[in-house]
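Here's the structure, in structure tokens; my notes come after.
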Amino acid sequence: MSVKFYSKDNLRFLLHEVFPISELCKRERFKEHTVESLDMVLEAADSLSTNELRPILVEMDTKPPYLENGRIKVHPKMRQLMKTFGDDGWISMAAPQEFGGQQVPFTVLQATGFIMGAANYSTMAFPFLTTGAAHLIEAFATKELQETYIPKMFSGEWQGTMALTEPGAGSSLSDIVSSAAPTDKGYYLVKGQKIFISCGDHDACDNFVHLMLARIEGAPAGTKGISLFIVPRMRPEANGSLTFNDVNTAGAFHKMGYHGAPIAHLIMGEANDCRAWLVGEPHKGLSYMFQMMNEARIGVGCNAVSIASAAYYNSLDYANVRTQGRKITEKDPLKAQIPIIEHADVKRLLLFQKAMVEGALSLVFEATTCLDNYATLTGEEKETNFLILELLTPIVKSYPAEMSILTTSAALQCFGGYGYTKEFMAELFFRETRIHALHEGTTAIHGMDLLGRKMMMQNGKATILLMQRIMEDIKASQKYESLKGYGNELAQKIMKLQEVTMHLVTVAQNQGPEVYLSDATLFLELFSILAIGWQWIKQGIKVEELKLSGTKVYRAEFLQSKIYALQYFFEYEVPKTEGLIVRLKSENHVTVVARAEEIL
């Protein structure tokens with residue numbers, strides 16, 4: 001059976017036609033790259049994923065990490081893989097050249113993460129967590145700390161992590177209690193516990209560099225009193241040796257999916273000797289961490305799409321070879337059974353997956369392009385891309401994550417009874433993707449971020465700029481008969497979204513923030529469906545342009561599959577917005593008025 005887990009044609013289409021990386025190569029920051037060199041990066045990611053990552057996926061799922069003598073053991077292949085990730089530049093690929101990086105566009109970084117995540121999500125967590133942690137050190141730490149930690153992290157010898165979550169705080173970071181006591185020796189002594197720390201301890205690396213949030217003694221309450229620290233498991237000494245830094249592994253969590261990555265419970269400072277080095281200024285830790293978190297949120301959306309892609313191609317392959325039943329009009333039981341892909345409802349299951357996978361991946365690249373533009377443009381263009389990125393981030397993080405739960409379920413459904421057995425991979429993908437609706441904040445948190453903050457940011461400027469960009473693409477779609485009706489439908493729905501937004505603003509004014517935000521998750525869903533619809537209009541325009549050009553770069557069947565996916569999304573998914581609009585305009589706020597003791 002095929003091991004295809006993503007579409008090279010689709011990735012090429014998105015990165016060469018819809019979001020052309022050729023434009024990025026013209027920028028000063030990326031001038032040393034060409035389209036050909038960046039394509040070679042993607043080919044290398046494909047080779048590594050196909051030959052090294054995918055073959056150990058099932059084994060990593062069935063033999064998860066375990067705690068032994070206070071340390072976590074992982075798949076034995078991971079140590080060599082971490083060396084490969086370091087030696088071949090995967091960890092440092094987007095870093096500035098001054099830190100030894102290759103300075104590739106963030107869009108290409110995410111594209112490689114997509115390929116690797118589709119092959120084996122657990123394996124790619126190790127290097128890219130280190131990438132994010134090193135990026136924080138690049139941006140905010142002193143030169144001494146940069147020189148101490150970044151080279152070892154980029155080499156794959158030292159693992160980087162984000163140490164945020166605590167047993168009593170969870171997503172409520174304002175309630176963290178980990179403490180940091182200043183000393184007169186240039187470091188702090190920290191105490192506290194951190195849970196659910198991905199790759200927080202394992203035997204594939206020699207050391208661990210935790211980017212940890214804690215409160216300096218006497219700091220203000222809430223988020224304004226949080227500082228960011230580098231907390232190594234083994235602290236480097238002046239003579240080059242490493243000394244245990246009082247960071248103990250108390251346990252290993254085992255989640256329903258994502259089995260190959262170790263999830264640690266860490267205790268810092270049990271012996272009062274956990275030394276930490278302040279990153280940046282005191283009490284600004286959360287703002288620093290949000291740099292990593294916002295990039296990580298885009299990554300979470302991309303990871304969800306990658307697993308959904310793997311599930312899609314797994315079920316597509318099965319649907320083409322599995323024979324069962326006959327056409328409804330065929331009455332002769334002696335006639336041969338047909339591949340299940342010939343049945344209309346199986347086509348529906350497959351088109352649902354394709355429309356979501358390729359639409360959501362397009363939205364991911366919309367966000368990464370904004371980030372690359374922000375890093376390379378100036379003036380008004382820079383601000384425009386920043387504001388649109390801020391508005392899109394909660395959508396890019398949350399909607400692909402939520403939809404991947406449904407698309408992997410649809411993939412499993414294609415397998416029928418076989419899908420629920422471990423002899424097939426469908427159930428693995430279903431388990432694997434569930435974490436992404438929780439990683440980097442729940443969907444509700446991002447719904448409240450979108451409606452409560454991002455929509456009204458700078459008096460709604462971000463919203464206005466995004467709507468202008470969407471309307472430009474809708475206008476461009478009117479040149480094509482195949483797109484005109486769908487473009488008009490999207491324009492009408494955008495008008496209704498604006499009506500809903502104004503209605504909710506009135507609710508906020510008259511009934512307060514609790515009622516205003518009570519259905520923020522549904523508002524996020526409404527906005528997200530229209531955002532994906534926009535991406536399909538963008539892709540549809542490029543398909544029609546390519547057809548007119550007579551290009552032979554893409555197969556006619558591939559281009560037609562794009563049109564079918566676009567049609568599916570507008571015929572099956574966009575109509576769901578009507579129910580959401582009715583709910584969001586309703587004056588019955590049952591979730592607010594219902595008392596806890598009445599929900600039995």
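Going by the structure tokens order, chains are called A, B, ..., each with residues numbered from 1, while ligands are numbered from 1 in the order shown.
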Hey, what's within 12 Å of A:Leu136 if we count only C-alpha atoms and toss same-chain stuff fewer than 5 positions away? As a PDB file with all heavy atoms, in the first residue's frame, please?
ATOM      1  N   ALA A  95      16.953  30.600  11.272  1.00  0.00           N
ATOM      2  CA  ALA A  95      17.680  31.530  12.132  1.00  0.00           C
ATOM      3  C   ALA A  95      18.547  32.480  11.301  1.00  0.00           C
ATOM      4  O   ALA A  95      18.967  32.145  10.191  1.00  0.00           O
ATOM      5  CB  ALA A  95      18.558  30.757  13.112  1.00  0.00           C
ATOM      6  N   LEU A 129      10.677  22.331  18.448  1.00  0.00           N
ATOM      7  CA  LEU A 129      10.610  22.941  19.778  1.00  0.00           C
ATOM      8  C   LEU A 129      11.929  23.640  20.103  1.00  0.00           C
ATOM      9  O   LEU A 129      11.950  24.739  20.670  1.00  0.00           O
ATOM     10  CB  LEU A 129      10.303  21.884  20.836  1.00  0.00           C
ATOM     11  CG  LEU A 129       8.843  21.483  21.000  1.00  0.00           C
ATOM     12  CD1 LEU A 129       8.736  20.231  21.861  1.00  0.00           C
ATOM     13  CD2 LEU A 129       8.033  22.614  21.616  1.00  0.00           C
ATOM     14  N   THR A 130      13.023  23.011  19.724  1.00  0.00           N
ATOM     15  CA  THR A 130      14.334  23.618  19.939  1.00  0.00           C
ATOM     16  C   THR A 130      14.477  24.891  19.106  1.00  0.00           C
ATOM     17  O   THR A 130      15.014  25.902  19.586  1.00  0.00           O
ATOM     18  CB  THR A 130      15.448  22.615  19.587  1.00  0.00           C
ATOM     19  OG1 THR A 130      15.276  21.438  20.386  1.00  0.00           O
ATOM     20  CG2 THR A 130      16.817  23.204  19.851  1.00  0.00           C
ATOM     21  N   THR A 131      13.984  24.859  17.881  1.00  0.00           N
ATOM     22  CA  THR A 131      14.015  26.045  17.021  1.00  0.00           C
ATOM     23  C   THR A 131      13.330  27.222  17.697  1.00  0.00           C
ATOM     24  O   THR A 131      13.866  28.340  17.747  1.00  0.00           O
ATOM     25  CB  THR A 131      13.322  25.753  15.679  1.00  0.00           C
ATOM     26  OG1 THR A 131      14.059  24.751  14.979  1.00  0.00           O
ATOM     27  CG2 THR A 131      13.234  27.002  14.821  1.00  0.00           C
ATOM     28  N   ALA A 141      17.820  37.439  24.757  1.00  0.00           N
ATOM     29  CA  ALA A 141      18.849  37.140  25.755  1.00  0.00           C
ATOM     30  C   ALA A 141      20.135  37.929  25.486  1.00  0.00           C
ATOM     31  O   ALA A 141      20.340  38.484  24.402  1.00  0.00           O
ATOM     32  CB  ALA A 141      19.148  35.643  25.771  1.00  0.00           C
ATOM     33  N   THR A 142      21.004  37.956  26.472  1.00  0.00           N
ATOM     34  CA  THR A 142      22.286  38.635  26.329  1.00  0.00           C
ATOM     35  C   THR A 142      23.191  37.849  25.378  1.00  0.00           C
ATOM     36  O   THR A 142      22.969  36.657  25.119  1.00  0.00           O
ATOM     37  CB  THR A 142      22.997  38.746  27.687  1.00  0.00           C
ATOM     38  OG1 THR A 142      23.294  37.418  28.160  1.00  0.00           O
ATOM     39  CG2 THR A 142      22.146  39.481  28.700  1.00  0.00           C
ATOM     40  N   LEU A 145      24.581  34.687  26.946  1.00  0.00           N
ATOM     41  CA  LEU A 145      23.648  33.564  26.970  1.00  0.00           C
ATOM     42  C   LEU A 145      23.459  32.984  25.572  1.00  0.00           C
ATOM     43  O   LEU A 145      23.351  31.757  25.404  1.00  0.00           O
ATOM     44  CB  LEU A 145      22.308  34.009  27.557  1.00  0.00           C
ATOM     45  CG  LEU A 145      22.300  34.334  29.054  1.00  0.00           C
ATOM     46  CD1 LEU A 145      20.968  34.940  29.467  1.00  0.00           C
ATOM     47  CD2 LEU A 145      22.603  33.086  29.888  1.00  0.00           C
ATOM     48  N   GLN A 146      23.413  33.841  24.578  1.00  0.00           N
ATOM     49  CA  GLN A 146      23.292  33.366  23.196  1.00  0.00           C
ATOM     50  C   GLN A 146      24.455  32.461  22.833  1.00  0.00           C
ATOM     51  O   GLN A 146      24.263  31.372  22.268  1.00  0.00           O
ATOM     52  CB  GLN A 146      23.237  34.564  22.241  1.00  0.00           C
ATOM     53  CG  GLN A 146      21.968  35.391  22.346  1.00  0.00           C
ATOM     54  CD  GLN A 146      22.067  36.707  21.594  1.00  0.00           C
ATOM     55  OE1 GLN A 146      23.140  37.100  21.124  1.00  0.00           O
ATOM     56  NE2 GLN A 146      20.947  37.400  21.471  1.00  0.00           N
ATOM     57  N   TYR A 149      24.269  28.964  24.724  1.00  0.00           N
ATOM     58  CA  TYR A 149      23.220  27.979  24.470  1.00  0.00           C
ATOM     59  C   TYR A 149      22.916  27.712  22.994  1.00  0.00           C
ATOM     60  O   TYR A 149      22.672  26.561  22.612  1.00  0.00           O
ATOM     61  CB  TYR A 149      21.936  28.404  25.192  1.00  0.00           C
ATOM     62  CG  TYR A 149      22.068  28.300  26.689  1.00  0.00           C
ATOM     63  CD1 TYR A 149      22.364  29.417  27.465  1.00  0.00           C
ATOM     64  CD2 TYR A 149      21.949  27.070  27.322  1.00  0.00           C
ATOM     65  CE1 TYR A 149      22.510  29.321  28.847  1.00  0.00           C
ATOM     66  CE2 TYR A 149      22.097  26.954  28.705  1.00  0.00           C
ATOM     67  CZ  TYR A 149      22.382  28.085  29.451  1.00  0.00           C
ATOM     68  OH  TYR A 149      22.544  27.966  30.815  1.00  0.00           O
ATOM     69  N   ILE A 150      22.893  28.730  22.162  1.00  0.00           N
ATOM     70  CA  ILE A 150      22.398  28.545  20.792  1.00  0.00           C
ATOM     71  C   ILE A 150      23.205  27.526  19.987  1.00  0.00           C
ATOM     72  O   ILE A 150      22.608  26.650  19.334  1.00  0.00           O
ATOM     73  CB  ILE A 150      22.304  29.902  20.063  1.00  0.00           C
ATOM     74  CG1 ILE A 150      21.163  30.727  20.671  1.00  0.00           C
ATOM     75  CG2 ILE A 150      22.072  29.709  18.571  1.00  0.00           C
ATOM     76  CD1 ILE A 150      21.011  32.118  20.082  1.00  0.00           C
ATOM     77  N   GLY A 160      15.610  22.234  23.321  1.00  0.00           N
ATOM     78  CA  GLY A 160      14.919  23.412  23.839  1.00  0.00           C
ATOM     79  C   GLY A 160      13.457  23.123  24.103  1.00  0.00           C
ATOM     80  O   GLY A 160      12.834  22.325  23.386  1.00  0.00           O
ATOM     81  N   THR A 161      12.901  23.744  25.156  1.00  0.00           N
ATOM     82  CA  THR A 161      11.479  23.539  25.482  1.00  0.00           C
ATOM     83  C   THR A 161      10.823  24.850  25.894  1.00  0.00           C
ATOM     84  O   THR A 161      11.493  25.852  26.152  1.00  0.00           O
ATOM     85  CB  THR A 161      11.290  22.546  26.647  1.00  0.00           C
ATOM     86  OG1 THR A 161      11.504  23.232  27.902  1.00  0.00           O
ATOM     87  CG2 THR A 161      12.217  21.361  26.554  1.00  0.00           C
ATOM     88  N   MET A 162       9.497  24.811  25.970  1.00  0.00           N
ATOM     89  CA  MET A 162       8.693  25.889  26.535  1.00  0.00           C
ATOM     90  C   MET A 162       8.112  25.382  27.837  1.00  0.00           C
ATOM     91  O   MET A 162       7.285  24.472  27.839  1.00  0.00           O
ATOM     92  CB  MET A 162       7.538  26.260  25.597  1.00  0.00           C
ATOM     93  CG  MET A 162       7.781  27.499  24.790  1.00  0.00           C
ATOM     94  SD  MET A 162       6.276  28.195  24.066  1.00  0.00           S
ATOM     95  CE  MET A 162       5.402  26.807  23.428  1.00  0.00           C
ATOM     96  N   VAL A 209      17.271  22.840  27.667  1.00  0.00           N
ATOM     97  CA  VAL A 209      17.247  24.281  27.912  1.00  0.00           C
ATOM     98  C   VAL A 209      15.784  24.698  27.989  1.00  0.00           C
ATOM     99  O   VAL A 209      15.105  24.833  26.966  1.00  0.00           O
ATOM    100  CB  VAL A 209      17.990  25.040  26.800  1.00  0.00           C
ATOM    101  CG1 VAL A 209      18.040  26.533  27.128  1.00  0.00           C
ATOM    102  CG2 VAL A 209      19.388  24.474  26.604  1.00  0.00           C
ATOM    103  N   HIS A 210      15.297  24.887  29.205  1.00  0.00           N
ATOM    104  CA  HIS A 210      13.895  25.224  29.420  1.00  0.00           C
ATOM    105  C   HIS A 210      13.733  26.732  29.439  1.00  0.00           C
ATOM    106  O   HIS A 210      14.389  27.438  30.211  1.00  0.00           O
ATOM    107  CB  HIS A 210      13.397  24.633  30.740  1.00  0.00           C
ATOM    108  CG  HIS A 210      13.610  23.157  30.861  1.00  0.00           C
ATOM    109  ND1 HIS A 210      12.966  22.243  30.058  1.00  0.00           N
ATOM    110  CD2 HIS A 210      14.420  22.426  31.683  1.00  0.00           C
ATOM    111  CE1 HIS A 210      13.352  21.021  30.380  1.00  0.00           C
ATOM    112  NE2 HIS A 210      14.242  21.107  31.357  1.00  0.00           N
ATOM    113  N   LEU A 211      12.860  27.236  28.571  1.00  0.00           N
ATOM    114  CA  LEU A 211      12.468  28.638  28.622  1.00  0.00           C
ATOM    115  C   LEU A 211      11.273  28.698  29.558  1.00  0.00           C
ATOM    116  O   LEU A 211      10.158  28.342  29.188  1.00  0.00           O
ATOM    117  CB  LEU A 211      12.130  29.161  27.223  1.00  0.00           C
ATOM    118  CG  LEU A 211      13.299  29.669  26.368  1.00  0.00           C
ATOM    119  CD1 LEU A 211      13.886  30.931  26.952  1.00  0.00           C
ATOM    120  CD2 LEU A 211      14.387  28.614  26.207  1.00  0.00           C
ATOM    121  N   MET A 212      11.526  29.121  30.788  1.00  0.00           N
ATOM    122  CA  MET A 212      10.585  28.951  31.888  1.00  0.00           C
ATOM    123  C   MET A 212      10.008  30.282  32.362  1.00  0.00           C
ATOM    124  O   MET A 212      10.733  31.276  32.503  1.00  0.00           O
ATOM    125  CB  MET A 212      11.299  28.264  33.060  1.00  0.00           C
ATOM    126  CG  MET A 212      10.458  28.089  34.303  1.00  0.00           C
ATOM    127  SD  MET A 212      11.404  27.212  35.575  1.00  0.00           S
ATOM    128  CE  MET A 212      10.321  27.401  36.997  1.00  0.00           C
ATOM    129  N   LEU A 228      10.789  35.766  32.280  1.00  0.00           N
ATOM    130  CA  LEU A 228      11.238  34.624  31.484  1.00  0.00           C
ATOM    131  C   LEU A 228      12.684  34.285  31.836  1.00  0.00           C
ATOM    132  O   LEU A 228      13.538  35.174  31.918  1.00  0.00           O
ATOM    133  CB  LEU A 228      11.130  34.958  29.992  1.00  0.00           C
ATOM    134  CG  LEU A 228      11.575  33.868  29.017  1.00  0.00           C
ATOM    135  CD1 LEU A 228      10.698  32.628  29.129  1.00  0.00           C
ATOM    136  CD2 LEU A 228      11.553  34.397  27.579  1.00  0.00           C
ATOM    137  N   PHE A 229      12.951  32.997  32.019  1.00  0.00           N
ATOM    138  CA  PHE A 229      14.273  32.543  32.426  1.00  0.00           C
ATOM    139  C   PHE A 229      14.751  31.389  31.554  1.00  0.00           C
ATOM    140  O   PHE A 229      13.948  30.591  31.058  1.00  0.00           O
ATOM    141  CB  PHE A 229      14.257  32.065  33.886  1.00  0.00           C
ATOM    142  CG  PHE A 229      13.911  33.127  34.878  1.00  0.00           C
ATOM    143  CD1 PHE A 229      12.581  33.359  35.239  1.00  0.00           C
ATOM    144  CD2 PHE A 229      14.900  33.920  35.438  1.00  0.00           C
ATOM    145  CE1 PHE A 229      12.256  34.340  36.153  1.00  0.00           C
ATOM    146  CE2 PHE A 229      14.587  34.903  36.362  1.00  0.00           C
ATOM    147  CZ  PHE A 229      13.264  35.123  36.722  1.00  0.00           C
ATOM    148  N   ILE A 230      16.058  31.307  31.391  1.00  0.00           N
ATOM    149  CA  ILE A 230      16.692  30.104  30.862  1.00  0.00           C
ATOM    150  C   ILE A 230      17.030  29.221  32.052  1.00  0.00           C
ATOM    151  O   ILE A 230      17.738  29.643  32.973  1.00  0.00           O
ATOM    152  CB  ILE A 230      17.979  30.444  30.090  1.00  0.00           C
ATOM    153  CG1 ILE A 230      17.653  31.186  28.797  1.00  0.00           C
ATOM    154  CG2 ILE A 230      18.769  29.170  29.783  1.00  0.00           C
ATOM    155  CD1 ILE A 230      18.881  31.664  28.046  1.00  0.00           C
ATOM    156  N   VAL A 279      15.956  36.315  31.025  1.00  0.00           N
ATOM    157  CA  VAL A 279      15.946  36.670  29.605  1.00  0.00           C
ATOM    158  C   VAL A 279      15.242  38.019  29.477  1.00  0.00           C
ATOM    159  O   VAL A 279      14.081  38.162  29.868  1.00  0.00           O
ATOM    160  CB  VAL A 279      15.208  35.609  28.762  1.00  0.00           C
ATOM    161  CG1 VAL A 279      15.106  36.065  27.311  1.00  0.00           C
ATOM    162  CG2 VAL A 279      15.930  34.271  28.854  1.00  0.00           C
ATOM    163  N   GLY A 280      15.967  39.011  28.968  1.00  0.00           N
ATOM    164  CA  GLY A 280      15.377  40.334  28.814  1.00  0.00           C
ATOM    165  C   GLY A 280      15.195  41.039  30.146  1.00  0.00           C
ATOM    166  O   GLY A 280      15.977  40.856  31.091  1.00  0.00           O
ATOM    167  N   GLY A 285       8.210  38.718  30.794  1.00  0.00           N
ATOM    168  CA  GLY A 285       8.357  37.367  30.271  1.00  0.00           C
ATOM    169  C   GLY A 285       7.230  36.913  29.372  1.00  0.00           C
ATOM    170  O   GLY A 285       7.464  36.236  28.367  1.00  0.00           O
ATOM    171  N   LEU A 286       6.006  37.283  29.722  1.00  0.00           N
ATOM    172  CA  LEU A 286       4.886  36.809  28.927  1.00  0.00           C
ATOM    173  C   LEU A 286       4.892  37.423  27.534  1.00  0.00           C
ATOM    174  O   LEU A 286       4.593  36.754  26.541  1.00  0.00           O
ATOM    175  CB  LEU A 286       3.564  37.112  29.639  1.00  0.00           C
ATOM    176  CG  LEU A 286       2.363  36.280  29.161  1.00  0.00           C
ATOM    177  CD1 LEU A 286       2.641  34.794  29.278  1.00  0.00           C
ATOM    178  CD2 LEU A 286       1.121  36.641  29.945  1.00  0.00           C
ATOM    179  N   SER A 287       5.252  38.699  27.447  1.00  0.00           N
ATOM    180  CA  SER A 287       5.312  39.334  26.128  1.00  0.00           C
ATOM    181  C   SER A 287       6.403  38.695  25.277  1.00  0.00           C
ATOM    182  O   SER A 287       6.242  38.521  24.067  1.00  0.00           O
ATOM    183  CB  SER A 287       5.556  40.840  26.263  1.00  0.00           C
ATOM    184  OG  SER A 287       6.820  41.099  26.843  1.00  0.00           O
ATOM    185  N   TYR A 288       7.528  38.333  25.902  1.00  0.00           N
ATOM    186  CA  TYR A 288       8.573  37.637  25.156  1.00  0.00           C
ATOM    187  C   TYR A 288       8.089  36.258  24.716  1.00  0.00           C
ATOM    188  O   TYR A 288       8.294  35.845  23.574  1.00  0.00           O
ATOM    189  CB  TYR A 288       9.827  37.465  26.027  1.00  0.00           C
ATOM    190  CG  TYR A 288      10.463  38.739  26.509  1.00  0.00           C
ATOM    191  CD1 TYR A 288      11.166  38.764  27.709  1.00  0.00           C
ATOM    192  CD2 TYR A 288      10.380  39.920  25.775  1.00  0.00           C
ATOM    193  CE1 TYR A 288      11.780  39.919  28.173  1.00  0.00           C
ATOM    194  CE2 TYR A 288      10.976  41.092  26.230  1.00  0.00           C
ATOM    195  CZ  TYR A 288      11.671  41.092  27.432  1.00  0.00           C
ATOM    196  OH  TYR A 288      12.270  42.222  27.884  1.00  0.00           O
ATOM    197  N   MET A 289       7.469  35.551  25.632  1.00  0.00           N
ATOM    198  CA  MET A 289       7.015  34.203  25.337  1.00  0.00           C
ATOM    199  C   MET A 289       5.978  34.198  24.214  1.00  0.00           C
ATOM    200  O   MET A 289       5.904  33.256  23.420  1.00  0.00           O
ATOM    201  CB  MET A 289       6.445  33.549  26.588  1.00  0.00           C
ATOM    202  CG  MET A 289       6.098  32.086  26.443  1.00  0.00           C
ATOM    203  SD  MET A 289       7.538  31.024  26.139  1.00  0.00           S
ATOM    204  CE  MET A 289       8.096  30.705  27.810  1.00  0.00           C
ATOM    205  N   PHE A 290       5.190  35.277  24.141  1.00  0.00           N
ATOM    206  CA  PHE A 290       4.172  35.319  23.104  1.00  0.00           C
ATOM    207  C   PHE A 290       4.788  35.344  21.715  1.00  0.00           C
ATOM    208  O   PHE A 290       4.151  34.943  20.742  1.00  0.00           O
ATOM    209  CB  PHE A 290       3.227  36.513  23.295  1.00  0.00           C
ATOM    210  CG  PHE A 290       2.007  36.158  24.093  1.00  0.00           C
ATOM    211  CD1 PHE A 290       1.817  36.665  25.368  1.00  0.00           C
ATOM    212  CD2 PHE A 290       1.044  35.302  23.579  1.00  0.00           C
ATOM    213  CE1 PHE A 290       0.691  36.325  26.116  1.00  0.00           C
ATOM    214  CE2 PHE A 290      -0.086  34.961  24.312  1.00  0.00           C
ATOM    215  CZ  PHE A 290      -0.258  35.470  25.580  1.00  0.00           C
ATOM    216  N   GLN A 291       6.027  35.823  21.593  1.00  0.00           N
ATOM    217  CA  GLN A 291       6.681  35.757  20.289  1.00  0.00           C
ATOM    218  C   GLN A 291       6.780  34.304  19.856  1.00  0.00           C
ATOM    219  O   GLN A 291       6.416  33.949  18.734  1.00  0.00           O
ATOM    220  CB  GLN A 291       8.084  36.358  20.338  1.00  0.00           C
ATOM    221  CG  GLN A 291       8.860  36.107  19.042  1.00  0.00           C
ATOM    222  CD  GLN A 291      10.297  36.549  19.119  1.00  0.00           C
ATOM    223  OE1 GLN A 291      10.574  37.731  19.108  1.00  0.00           O
ATOM    224  NE2 GLN A 291      11.207  35.597  19.200  1.00  0.00           N
ATOM    225  N   MET A 292       7.273  33.483  20.746  1.00  0.00           N
ATOM    226  CA  MET A 292       7.398  32.059  20.443  1.00  0.00           C
ATOM    227  C   MET A 292       6.024  31.412  20.330  1.00  0.00           C
ATOM    228  O   MET A 292       5.782  30.576  19.451  1.00  0.00           O
ATOM    229  CB  MET A 292       8.210  31.369  21.533  1.00  0.00           C
ATOM    230  CG  MET A 292       8.472  29.900  21.273  1.00  0.00           C
ATOM    231  SD  MET A 292       9.564  29.222  22.561  1.00  0.00           S
ATOM    232  CE  MET A 292       9.532  27.488  22.154  1.00  0.00           C
ATOM    233  N   MET A 293       5.109  31.818  21.191  1.00  0.00           N
ATOM    234  CA  MET A 293       3.791  31.200  21.201  1.00  0.00           C
ATOM    235  C   MET A 293       3.025  31.497  19.919  1.00  0.00           C
ATOM    236  O   MET A 293       2.340  30.630  19.379  1.00  0.00           O
ATOM    237  CB  MET A 293       3.005  31.662  22.422  1.00  0.00           C
ATOM    238  CG  MET A 293       3.511  31.062  23.728  1.00  0.00           C
ATOM    239  SD  MET A 293       2.808  31.832  25.192  1.00  0.00           S
ATOM    240  CE  MET A 293       1.098  31.372  25.040  1.00  0.00           C
ATOM    241  N   ASN A 294       3.111  32.746  19.402  1.00  0.00           N
ATOM    242  CA  ASN A 294       2.383  33.077  18.184  1.00  0.00           C
ATOM    243  C   ASN A 294       2.916  32.285  16.998  1.00  0.00           C
ATOM    244  O   ASN A 294       2.145  31.796  16.164  1.00  0.00           O
ATOM    245  CB  ASN A 294       2.453  34.576  17.916  1.00  0.00           C
ATOM    246  CG  ASN A 294       1.500  35.357  18.802  1.00  0.00           C
ATOM    247  OD1 ASN A 294       0.477  34.833  19.226  1.00  0.00           O
ATOM    248  ND2 ASN A 294       1.821  36.596  19.096  1.00  0.00           N
ATOM    249  N   GLU A 295       4.243  32.157  16.907  1.00  0.00           N
ATOM    250  CA  GLU A 295       4.797  31.320  15.852  1.00  0.00           C
ATOM    251  C   GLU A 295       4.409  29.864  16.092  1.00  0.00           C
ATOM    252  O   GLU A 295       4.110  29.125  15.136  1.00  0.00           O
ATOM    253  CB  GLU A 295       6.313  31.481  15.811  1.00  0.00           C
ATOM    254  CG  GLU A 295       6.752  32.868  15.364  1.00  0.00           C
ATOM    255  CD  GLU A 295       8.249  33.057  15.377  1.00  0.00           C
ATOM    256  OE1 GLU A 295       8.983  32.065  15.593  1.00  0.00           O
ATOM    257  OE2 GLU A 295       8.707  34.201  15.185  1.00  0.00           O
ATOM    258  N   ALA A 296       4.400  29.460  17.351  1.00  0.00           N
ATOM    259  CA  ALA A 296       4.009  28.090  17.680  1.00  0.00           C
ATOM    260  C   ALA A 296       2.543  27.839  17.340  1.00  0.00           C
ATOM    261  O   ALA A 296       2.178  26.727  16.935  1.00  0.00           O
ATOM    262  CB  ALA A 296       4.257  27.810  19.157  1.00  0.00           C
TER     263      ALA A 296
END
Practice item. Taking the DSSP assignment computed from this structure's backbone, write out as a ChimeraX atom specification all residues of stretch 154-383 of chain A that belong to alpha helix (DSSP H). Key: /A:154,285-321,344-376,379-383
Worksheet item: Skipping near chain neighbours, those fewer than 6 positions away, what residues fall within 8 Å of A:Asn303 using only C-alpha atoms, listed as a list in words?
Response: Gly113, Phe114, Gly117, Ala118, Tyr121 and His436 of chain A
Considering only strand (DSSP E) as DSSP defines it on the backbone, what residues of stretch 119-345 of chain A qualify? List them as a ChimeraX atom specification. /A:158-163,179-182,188-198,207-216,227-232,234-236,242-244,247-253,263-268,275-278
